[in-house]
Structure formats: C-alpha cells, structure tokens
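Enquirer: Once you've had a glance at the structure underneath, I'll fire off some questions.
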Amino acid sequence: MAALWDTTHARLDLYHQIATGQAKTSFRNAQVAMGAGFLLLVVFACIAVWASTTAVAIVAGGLGAVSAALAGYVAKTFIRSQEASATHLRSYFDQPLELSRYLAAERLVADGDLTQEQRGEILSALVQAMVAGPQPPAPPQSVVVASVPGQQGA
C-alpha cells in the first residue's frame, strides 16, 4: 500500500509540474506575441509617418495593422492554452476536496443506522457519482431588477 501511495503522489506531482509548465510557457509566449505585435505596429506607424510618398505610408500602415492583428490572434491562442492549463490545475487542486467528500459520505453510511438495502442504494449512488466525476459549476445567472413605477434609480 505504501508503494502505491508513493507512486500515486509521484504521478500527481508530475502532472502538476506538466500543467504549471504548460501554463507558464503559454503565458510567456502570449506576452512575447503581444509585445512583438505592438513593436511591429509602432515600427510600421513610424515608417508610415516618415514615409516620403503616400503609397509607402499606406503600405506601411496596412502592414502594421496586419501584423498587429496577427500577433493578437497568436496571443489569443496562447492565452486559451494557458486558460486550459489553469483549468487542469484547478481540477488537480479540487481532487483532494472530492476525495474528502467521498470519505465523509462513506463514514456517514458506515456509522448510520441503515438497513442493508438502504446502505446498498446509497453506496450505489456514491459509486455512480464517483464514476461520473465532478460536475462543472453552473454558469452564473444574471439578476434582473424590476423597476417600480414612480421611483427613480440611484
């Protein structure tokens, strides 16, 4: 049992290292892409301002806009990757909470004054919940505040 415990914790530590490494790399790459896009935008804007002809100014301005848009797209992609890594990290840290809930439910069933049939039903529901895994949190609901006629809002 001790070897299994050590192996499980080693795997969890490796998973944590991988997820944090991916999050850091994605965030750094997003920052680099945003910085490069801003730098290219400034460079092309300067070229457009100091251009000797209108055609050069238009081309430089267009290139600046395109490079900034491309950098924004690349940065957005890296940010999504970082968000996915953060979601994986959240599930990593939620796992002990899930386990404590299952253990508490198991203790309640074991200590409860239940018939064999009741215990079987509860354990079946508990196993089904464990197999299904955690449910994502419900999206926040917007609150609509109705105004009362004759009253003014703040």
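Naming scheme: A, B, ... for chains in displayed order of the structure tokens; residues 1 onward per chain; ligands 1 onward as shown.
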Would you pick out the contacts of range 32-49 of chain A at 12 Å or less, using only C-alpha atoms, so that residues sharing its chain but fewer than 3 positions from it are not included, and give the list as a PDB file with all heavy atoms, in the first residue's frame?
Expert:
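New file around05.pdb:
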ATOM      1  N   THR A  25       4.596  28.522 -19.930  1.00  0.00           N
ATOM      2  CA  THR A  25       5.064  28.656 -21.309  1.00  0.00           C
ATOM      3  C   THR A  25       4.041  29.377 -22.169  1.00  0.00           C
ATOM      4  O   THR A  25       4.391  30.281 -22.935  1.00  0.00           O
ATOM      5  CB  THR A  25       5.375  27.269 -21.902  1.00  0.00           C
ATOM      6  OG1 THR A  25       6.366  26.632 -21.099  1.00  0.00           O
ATOM      7  CG2 THR A  25       5.866  27.372 -23.328  1.00  0.00           C
ATOM      8  N   SER A  26       2.785  29.003 -22.030  1.00  0.00           N
ATOM      9  CA  SER A  26       1.738  29.655 -22.824  1.00  0.00           C
ATOM     10  C   SER A  26       1.613  31.124 -22.469  1.00  0.00           C
ATOM     11  O   SER A  26       1.469  31.971 -23.353  1.00  0.00           O
ATOM     12  CB  SER A  26       0.402  28.954 -22.598  1.00  0.00           C
ATOM     13  OG  SER A  26       0.448  27.645 -23.086  1.00  0.00           O
ATOM     14  N   PHE A  27       1.681  31.446 -21.197  1.00  0.00           N
ATOM     15  CA  PHE A  27       1.570  32.844 -20.779  1.00  0.00           C
ATOM     16  C   PHE A  27       2.756  33.655 -21.292  1.00  0.00           C
ATOM     17  O   PHE A  27       2.584  34.768 -21.804  1.00  0.00           O
ATOM     18  CB  PHE A  27       1.465  32.932 -19.256  1.00  0.00           C
ATOM     19  CG  PHE A  27       1.180  34.302 -18.751  1.00  0.00           C
ATOM     20  CD1 PHE A  27      -0.073  34.874 -18.935  1.00  0.00           C
ATOM     21  CD2 PHE A  27       2.156  35.033 -18.107  1.00  0.00           C
ATOM     22  CE1 PHE A  27      -0.350  36.154 -18.480  1.00  0.00           C
ATOM     23  CE2 PHE A  27       1.892  36.309 -17.642  1.00  0.00           C
ATOM     24  CZ  PHE A  27       0.635  36.877 -17.827  1.00  0.00           C
ATOM     25  N   ARG A  28       3.950  33.095 -21.176  1.00  0.00           N
ATOM     26  CA  ARG A  28       5.142  33.795 -21.668  1.00  0.00           C
ATOM     27  C   ARG A  28       5.057  34.001 -23.176  1.00  0.00           C
ATOM     28  O   ARG A  28       5.341  35.091 -23.685  1.00  0.00           O
ATOM     29  CB  ARG A  28       6.403  33.007 -21.316  1.00  0.00           C
ATOM     30  CG  ARG A  28       7.692  33.752 -21.710  1.00  0.00           C
ATOM     31  CD  ARG A  28       8.904  32.857 -21.745  1.00  0.00           C
ATOM     32  NE  ARG A  28       8.771  31.898 -22.816  1.00  0.00           N
ATOM     33  CZ  ARG A  28       8.918  30.585 -22.671  1.00  0.00           C
ATOM     34  NH1 ARG A  28       9.209  30.055 -21.517  1.00  0.00           N
ATOM     35  NH2 ARG A  28       8.771  29.769 -23.689  1.00  0.00           N
ATOM     36  N   ASN A  29       4.632  32.970 -23.914  1.00  0.00           N
ATOM     37  CA  ASN A  29       4.523  33.089 -25.363  1.00  0.00           C
ATOM     38  C   ASN A  29       3.467  34.130 -25.754  1.00  0.00           C
ATOM     39  O   ASN A  29       3.641  34.850 -26.740  1.00  0.00           O
ATOM     40  CB  ASN A  29       4.207  31.745 -25.992  1.00  0.00           C
ATOM     41  CG  ASN A  29       5.379  30.792 -25.929  1.00  0.00           C
ATOM     42  OD1 ASN A  29       6.505  31.182 -25.653  1.00  0.00           O
ATOM     43  ND2 ASN A  29       5.117  29.520 -26.163  1.00  0.00           N
ATOM     44  N   SER A  52       8.154  58.968 -47.479  1.00  0.00           N
ATOM     45  CA  SER A  52       8.301  60.075 -48.437  1.00  0.00           C
ATOM     46  C   SER A  52       7.137  60.125 -49.422  1.00  0.00           C
ATOM     47  O   SER A  52       6.870  61.179 -49.997  1.00  0.00           O
ATOM     48  CB  SER A  52       9.624  59.946 -49.183  1.00  0.00           C
ATOM     49  OG  SER A  52       9.677  58.684 -49.839  1.00  0.00           O
ATOM     50  N   THR A  53       6.464  59.012 -49.624  1.00  0.00           N
ATOM     51  CA  THR A  53       5.327  59.012 -50.554  1.00  0.00           C
ATOM     52  C   THR A  53       4.093  58.454 -49.860  1.00  0.00           C
ATOM     53  O   THR A  53       4.171  57.732 -48.853  1.00  0.00           O
ATOM     54  CB  THR A  53       5.629  58.145 -51.800  1.00  0.00           C
ATOM     55  OG1 THR A  53       5.756  56.785 -51.390  1.00  0.00           O
ATOM     56  CG2 THR A  53       6.879  58.604 -52.520  1.00  0.00           C
ATOM     57  N   THR A  54       2.957  58.766 -50.440  1.00  0.00           N
ATOM     58  CA  THR A  54       1.688  58.292 -49.886  1.00  0.00           C
ATOM     59  C   THR A  54       1.569  56.774 -49.997  1.00  0.00           C
ATOM     60  O   THR A  54       1.047  56.119 -49.089  1.00  0.00           O
ATOM     61  CB  THR A  54       0.509  58.969 -50.620  1.00  0.00           C
ATOM     62  OG1 THR A  54       0.679  60.379 -50.564  1.00  0.00           O
ATOM     63  CG2 THR A  54      -0.817  58.591 -50.018  1.00  0.00           C
ATOM     64  N   ALA A  55       2.050  56.219 -51.090  1.00  0.00           N
ATOM     65  CA  ALA A  55       1.965  54.770 -51.298  1.00  0.00           C
ATOM     66  C   ALA A  55       2.742  54.023 -50.216  1.00  0.00           C
ATOM     67  O   ALA A  55       2.259  53.016 -49.670  1.00  0.00           O
ATOM     68  CB  ALA A  55       2.488  54.405 -52.680  1.00  0.00           C
ATOM     69  N   VAL A  56       3.920  54.496 -49.882  1.00  0.00           N
ATOM     70  CA  VAL A  56       4.727  53.854 -48.843  1.00  0.00           C
ATOM     71  C   VAL A  56       4.012  53.966 -47.495  1.00  0.00           C
ATOM     72  O   VAL A  56       3.979  53.006 -46.713  1.00  0.00           O
ATOM     73  CB  VAL A  56       6.137  54.479 -48.774  1.00  0.00           C
ATOM     74  CG1 VAL A  56       6.907  53.958 -47.577  1.00  0.00           C
ATOM     75  CG2 VAL A  56       6.907  54.198 -50.050  1.00  0.00           C
ATOM     76  N   ALA A  57       3.414  55.104 -47.220  1.00  0.00           N
ATOM     77  CA  ALA A  57       2.699  55.298 -45.964  1.00  0.00           C
ATOM     78  C   ALA A  57       1.503  54.352 -45.865  1.00  0.00           C
ATOM     79  O   ALA A  57       1.258  53.754 -44.808  1.00  0.00           O
ATOM     80  CB  ALA A  57       2.230  56.752 -45.837  1.00  0.00           C
ATOM     81  N   ILE A  58       0.765  54.185 -46.953  1.00  0.00           N
ATOM     82  CA  ILE A  58      -0.394  53.287 -46.951  1.00  0.00           C
ATOM     83  C   ILE A  58       0.046  51.841 -46.765  1.00  0.00           C
ATOM     84  O   ILE A  58      -0.540  51.097 -45.973  1.00  0.00           O
ATOM     85  CB  ILE A  58      -1.205  53.462 -48.256  1.00  0.00           C
ATOM     86  CG1 ILE A  58      -1.878  54.842 -48.263  1.00  0.00           C
ATOM     87  CG2 ILE A  58      -2.236  52.359 -48.417  1.00  0.00           C
ATOM     88  CD1 ILE A  58      -2.536  55.192 -49.579  1.00  0.00           C
ATOM     89  N   VAL A  59       1.076  51.428 -47.467  1.00  0.00           N
ATOM     90  CA  VAL A  59       1.573  50.049 -47.340  1.00  0.00           C
ATOM     91  C   VAL A  59       2.098  49.799 -45.928  1.00  0.00           C
ATOM     92  O   VAL A  59       1.808  48.773 -45.307  1.00  0.00           O
ATOM     93  CB  VAL A  59       2.666  49.765 -48.397  1.00  0.00           C
ATOM     94  CG1 VAL A  59       3.366  48.447 -48.115  1.00  0.00           C
ATOM     95  CG2 VAL A  59       2.053  49.740 -49.780  1.00  0.00           C
ATOM     96  N   ALA A  60       2.846  50.722 -45.381  1.00  0.00           N
ATOM     97  CA  ALA A  60       3.390  50.562 -44.025  1.00  0.00           C
ATOM     98  C   ALA A  60       2.265  50.517 -42.999  1.00  0.00           C
ATOM     99  O   ALA A  60       2.282  49.705 -42.069  1.00  0.00           O
ATOM    100  CB  ALA A  60       4.360  51.695 -43.706  1.00  0.00           C
ATOM    101  N   GLY A  61       1.272  51.384 -43.152  1.00  0.00           N
ATOM    102  CA  GLY A  61       0.126  51.359 -42.244  1.00  0.00           C
ATOM    103  C   GLY A  61      -0.636  50.046 -42.328  1.00  0.00           C
ATOM    104  O   GLY A  61      -1.048  49.482 -41.310  1.00  0.00           O
ATOM    105  N   GLY A  62      -0.831  49.567 -43.547  1.00  0.00           N
ATOM    106  CA  GLY A  62      -1.525  48.274 -43.737  1.00  0.00           C
ATOM    107  C   GLY A  62      -0.746  47.120 -43.134  1.00  0.00           C
ATOM    108  O   GLY A  62      -1.317  46.236 -42.479  1.00  0.00           O
ATOM    109  N   LEU A  63       0.566  47.124 -43.358  1.00  0.00           N
ATOM    110  CA  LEU A  63       1.405  46.073 -42.783  1.00  0.00           C
ATOM    111  C   LEU A  63       1.384  46.124 -41.255  1.00  0.00           C
ATOM    112  O   LEU A  63       1.373  45.087 -40.577  1.00  0.00           O
ATOM    113  CB  LEU A  63       2.837  46.182 -43.292  1.00  0.00           C
ATOM    114  CG  LEU A  63       3.076  45.725 -44.725  1.00  0.00           C
ATOM    115  CD1 LEU A  63       4.510  46.032 -45.150  1.00  0.00           C
ATOM    116  CD2 LEU A  63       2.783  44.245 -44.879  1.00  0.00           C
ATOM    117  N   GLY A  64       1.379  47.325 -40.701  1.00  0.00           N
ATOM    118  CA  GLY A  64       1.307  47.477 -39.248  1.00  0.00           C
ATOM    119  C   GLY A  64       0.016  46.909 -38.694  1.00  0.00           C
ATOM    120  O   GLY A  64       0.003  46.211 -37.682  1.00  0.00           O
ATOM    121  N   ALA A  65      -1.091  47.218 -39.357  1.00  0.00           N
ATOM    122  CA  ALA A  65      -2.387  46.716 -38.904  1.00  0.00           C
ATOM    123  C   ALA A  65      -2.457  45.196 -39.019  1.00  0.00           C
ATOM    124  O   ALA A  65      -2.940  44.515 -38.105  1.00  0.00           O
ATOM    125  CB  ALA A  65      -3.503  47.369 -39.702  1.00  0.00           C
ATOM    126  N   VAL A  66      -1.969  44.663 -40.129  1.00  0.00           N
ATOM    127  CA  VAL A  66      -1.999  43.207 -40.321  1.00  0.00           C
ATOM    128  C   VAL A  66      -1.101  42.499 -39.305  1.00  0.00           C
ATOM    129  O   VAL A  66      -1.483  41.477 -38.714  1.00  0.00           O
ATOM    130  CB  VAL A  66      -1.587  42.847 -41.772  1.00  0.00           C
ATOM    131  CG1 VAL A  66      -1.337  41.358 -41.924  1.00  0.00           C
ATOM    132  CG2 VAL A  66      -2.673  43.293 -42.736  1.00  0.00           C
ATOM    133  N   SER A  67       0.078  43.044 -39.073  1.00  0.00           N
ATOM    134  CA  SER A  67       0.989  42.391 -38.117  1.00  0.00           C
ATOM    135  C   SER A  67       0.431  42.459 -36.692  1.00  0.00           C
ATOM    136  O   SER A  67       0.554  41.501 -35.926  1.00  0.00           O
ATOM    137  CB  SER A  67       2.382  43.007 -38.177  1.00  0.00           C
ATOM    138  OG  SER A  67       2.344  44.366 -37.792  1.00  0.00           O
ATOM    139  N   ALA A  68      -0.204  43.570 -36.343  1.00  0.00           N
ATOM    140  CA  ALA A  68      -0.804  43.681 -35.014  1.00  0.00           C
ATOM    141  C   ALA A  68      -1.967  42.704 -34.866  1.00  0.00           C
ATOM    142  O   ALA A  68      -2.123  42.058 -33.824  1.00  0.00           O
ATOM    143  CB  ALA A  68      -1.279  45.105 -34.768  1.00  0.00           C
ATOM    144  N   ALA A  69      -2.780  42.567 -35.911  1.00  0.00           N
ATOM    145  CA  ALA A  69      -3.904  41.618 -35.859  1.00  0.00           C
ATOM    146  C   ALA A  69      -3.401  40.187 -35.761  1.00  0.00           C
ATOM    147  O   ALA A  69      -3.944  39.379 -34.991  1.00  0.00           O
ATOM    148  CB  ALA A  69      -4.789  41.796 -37.093  1.00  0.00           C
ATOM    149  N   LEU A  70      -2.378  39.858 -36.512  1.00  0.00           N
ATOM    150  CA  LEU A  70      -1.810  38.505 -36.468  1.00  0.00           C
ATOM    151  C   LEU A  70      -1.208  38.214 -35.091  1.00  0.00           C
ATOM    152  O   LEU A  70      -1.412  37.136 -34.520  1.00  0.00           O
ATOM    153  CB  LEU A  70      -0.754  38.333 -37.556  1.00  0.00           C
ATOM    154  CG  LEU A  70      -0.102  36.951 -37.653  1.00  0.00           C
ATOM    155  CD1 LEU A  70      -1.156  35.883 -37.950  1.00  0.00           C
ATOM    156  CD2 LEU A  70       0.976  36.932 -38.719  1.00  0.00           C
ATOM    157  N   ALA A  71      -0.503  39.178 -34.544  1.00  0.00           N
ATOM    158  CA  ALA A  71       0.066  38.999 -33.201  1.00  0.00           C
ATOM    159  C   ALA A  71      -1.032  38.852 -32.161  1.00  0.00           C
ATOM    160  O   ALA A  71      -0.919  38.047 -31.229  1.00  0.00           O
ATOM    161  CB  ALA A  71       0.973  40.173 -32.856  1.00  0.00           C
ATOM    162  N   GLY A  72      -2.109  39.597 -32.318  1.00  0.00           N
ATOM    163  CA  GLY A  72      -3.243  39.465 -31.404  1.00  0.00           C
ATOM    164  C   GLY A  72      -3.873  38.096 -31.487  1.00  0.00           C
ATOM    165  O   GLY A  72      -4.237  37.494 -30.465  1.00  0.00           O
ATOM    166  N   TYR A  73      -4.002  37.558 -32.699  1.00  0.00           N
ATOM    167  CA  TYR A  73      -4.559  36.218 -32.878  1.00  0.00           C
ATOM    168  C   TYR A  73      -3.667  35.158 -32.234  1.00  0.00           C
ATOM    169  O   TYR A  73      -4.141  34.270 -31.526  1.00  0.00           O
ATOM    170  CB  TYR A  73      -4.747  35.924 -34.372  1.00  0.00           C
ATOM    171  CG  TYR A  73      -5.186  34.506 -34.643  1.00  0.00           C
ATOM    172  CD1 TYR A  73      -6.498  34.115 -34.419  1.00  0.00           C
ATOM    173  CD2 TYR A  73      -4.277  33.557 -35.098  1.00  0.00           C
ATOM    174  CE1 TYR A  73      -6.897  32.815 -34.650  1.00  0.00           C
ATOM    175  CE2 TYR A  73      -4.672  32.255 -35.332  1.00  0.00           C
ATOM    176  CZ  TYR A  73      -5.981  31.886 -35.105  1.00  0.00           C
ATOM    177  OH  TYR A  73      -6.365  30.594 -35.337  1.00  0.00           O
ATOM    178  N   VAL A  74      -2.373  35.269 -32.467  1.00  0.00           N
ATOM    179  CA  VAL A  74      -1.434  34.308 -31.883  1.00  0.00           C
ATOM    180  C   VAL A  74      -1.451  34.406 -30.359  1.00  0.00           C
ATOM    181  O   VAL A  74      -1.476  33.398 -29.649  1.00  0.00           O
ATOM    182  CB  VAL A  74      -0.012  34.526 -32.450  1.00  0.00           C
ATOM    183  CG1 VAL A  74       1.019  33.710 -31.693  1.00  0.00           C
ATOM    184  CG2 VAL A  74       0.023  34.177 -33.929  1.00  0.00           C
ATOM    185  N   ALA A  75      -1.464  35.620 -29.836  1.00  0.00           N
ATOM    186  CA  ALA A  75      -1.507  35.820 -28.391  1.00  0.00           C
ATOM    187  C   ALA A  75      -2.789  35.235 -27.805  1.00  0.00           C
ATOM    188  O   ALA A  75      -2.767  34.597 -26.748  1.00  0.00           O
ATOM    189  CB  ALA A  75      -1.394  37.300 -28.054  1.00  0.00           C
ATOM    190  N   LYS A  76      -3.906  35.426 -28.492  1.00  0.00           N
ATOM    191  CA  LYS A  76      -5.183  34.877 -28.026  1.00  0.00           C
ATOM    192  C   LYS A  76      -5.131  33.350 -27.976  1.00  0.00           C
ATOM    193  O   LYS A  76      -5.649  32.729 -27.044  1.00  0.00           O
ATOM    194  CB  LYS A  76      -6.303  35.342 -28.949  1.00  0.00           C
ATOM    195  CG  LYS A  76      -7.679  34.925 -28.501  1.00  0.00           C
ATOM    196  CD  LYS A  76      -8.729  35.494 -29.444  1.00  0.00           C
ATOM    197  CE  LYS A  76     -10.119  35.046 -29.041  1.00  0.00           C
ATOM    198  NZ  LYS A  76     -11.145  35.567 -29.949  1.00  0.00           N
ATOM    199  N   THR A  77      -4.484  32.750 -28.947  1.00  0.00           N
ATOM    200  CA  THR A  77      -4.333  31.291 -28.960  1.00  0.00           C
ATOM    201  C   THR A  77      -3.525  30.822 -27.760  1.00  0.00           C
ATOM    202  O   THR A  77      -3.897  29.853 -27.082  1.00  0.00           O
ATOM    203  CB  THR A  77      -3.646  30.835 -30.269  1.00  0.00           C
ATOM    204  OG1 THR A  77      -4.428  31.292 -31.376  1.00  0.00           O
ATOM    205  CG2 THR A  77      -3.505  29.339 -30.323  1.00  0.00           C
ATOM    206  N   PHE A  78      -2.436  31.509 -27.459  1.00  0.00           N
ATOM    207  CA  PHE A  78      -1.623  31.133 -26.296  1.00  0.00           C
ATOM    208  C   PHE A  78      -2.379  31.366 -24.992  1.00  0.00           C
ATOM    209  O   PHE A  78      -2.243  30.597 -24.044  1.00  0.00           O
ATOM    210  CB  PHE A  78      -0.294  31.887 -26.292  1.00  0.00           C
ATOM    211  CG  PHE A  78       0.715  31.336 -27.260  1.00  0.00           C
ATOM    212  CD1 PHE A  78       1.266  32.142 -28.236  1.00  0.00           C
ATOM    213  CD2 PHE A  78       1.121  30.018 -27.178  1.00  0.00           C
ATOM    214  CE1 PHE A  78       2.200  31.639 -29.128  1.00  0.00           C
ATOM    215  CE2 PHE A  78       2.054  29.501 -28.064  1.00  0.00           C
ATOM    216  CZ  PHE A  78       2.591  30.311 -29.039  1.00  0.00           C
ATOM    217  N   ILE A  79      -3.165  32.420 -24.943  1.00  0.00           N
ATOM    218  CA  ILE A  79      -3.944  32.686 -23.734  1.00  0.00           C
ATOM    219  C   ILE A  79      -4.976  31.588 -23.523  1.00  0.00           C
ATOM    220  O   ILE A  79      -5.198  31.138 -22.397  1.00  0.00           O
ATOM    221  CB  ILE A  79      -4.592  34.085 -23.801  1.00  0.00           C
ATOM    222  CG1 ILE A  79      -3.499  35.140 -23.625  1.00  0.00           C
ATOM    223  CG2 ILE A  79      -5.676  34.253 -22.740  1.00  0.00           C
ATOM    224  CD1 ILE A  79      -3.949  36.558 -23.858  1.00  0.00           C
TER     225      ILE A  79
END
Enquirer: Write out as a ChimeraX atom specification which residues come within 10 Å of range 103-110 of chain A when counting only C-alpha atoms, dropping same-chain ones fewer than 2 positions away.
Expert: /A:97-101,112-114,118-120,122-123,126
Enquirer: Restrict the selected residues to N, CA and C atoms and save them as a compact mmCIF listing (two decimals), in the first residue's frame.
Expert:
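What landed in result.txt:
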# COMPACT_ATOMS: atom_id res chain seq x y z
N LEU A 97 -10.46 17.68 -2.35
CA LEU A 97 -11.78 18.03 -1.83
C LEU A 97 -12.81 16.96 -2.21
N GLU A 98 -12.75 16.51 -3.45
CA GLU A 98 -13.65 15.43 -3.89
C GLU A 98 -13.46 14.19 -3.03
N LEU A 99 -12.21 13.82 -2.83
CA LEU A 99 -11.91 12.62 -2.05
C LEU A 99 -12.42 12.76 -0.63
N SER A 100 -12.26 13.93 -0.03
CA SER A 100 -12.75 14.12 1.33
C SER A 100 -14.27 14.02 1.39
N ARG A 101 -14.95 14.46 0.37
CA ARG A 101 -16.42 14.32 0.33
C ARG A 101 -16.82 12.86 0.26
N GLY A 112 -24.09 5.17 10.09
CA GLY A 112 -25.54 5.33 10.13
C GLY A 112 -26.24 4.04 10.50
N ASP A 113 -27.41 4.18 11.04
CA ASP A 113 -28.23 3.04 11.42
C ASP A 113 -29.13 2.70 10.24
N LEU A 114 -28.53 2.04 9.22
CA LEU A 114 -29.22 1.77 7.97
C LEU A 114 -29.40 0.28 7.76
N GLN A 118 -30.82 -0.09 2.29
CA GLN A 118 -30.55 1.35 2.25
C GLN A 118 -29.07 1.61 2.02
N ARG A 119 -28.24 0.85 2.69
CA ARG A 119 -26.79 1.01 2.54
C ARG A 119 -26.38 0.71 1.09
N GLY A 120 -26.96 -0.33 0.51
CA GLY A 120 -26.65 -0.69 -0.87
C GLY A 120 -27.05 0.39 -1.85
N ILE A 122 -27.41 3.64 -1.20
CA ILE A 122 -26.55 4.81 -1.00
C ILE A 122 -25.16 4.56 -1.59
N LEU A 123 -24.61 3.39 -1.36
CA LEU A 123 -23.29 3.08 -1.92
C LEU A 123 -23.34 3.04 -3.44
N LEU A 126 -23.32 6.56 -4.55
CA LEU A 126 -21.99 7.12 -4.31
C LEU A 126 -21.00 6.67 -5.39
Enquirer: Please report the interatomic distance between CA of Leu4 in chain A and CA of Leu89 in chain A in Å with one decimal.
Expert: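 Spanning CA of Leu4 in chain A to CA of Leu89 in chain A is a straight-line distance of 22.5 Å.
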Enquirer: Just checking: using only C-alpha atoms, which residue out of A:Gln22, A:Thr7, A:Gln31, A:Ser124 ends up closest to Ser85 in chain A?
Expert: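 Counting only C-alpha atoms, the residue closest to Ser85 in chain A is A:Gln22.
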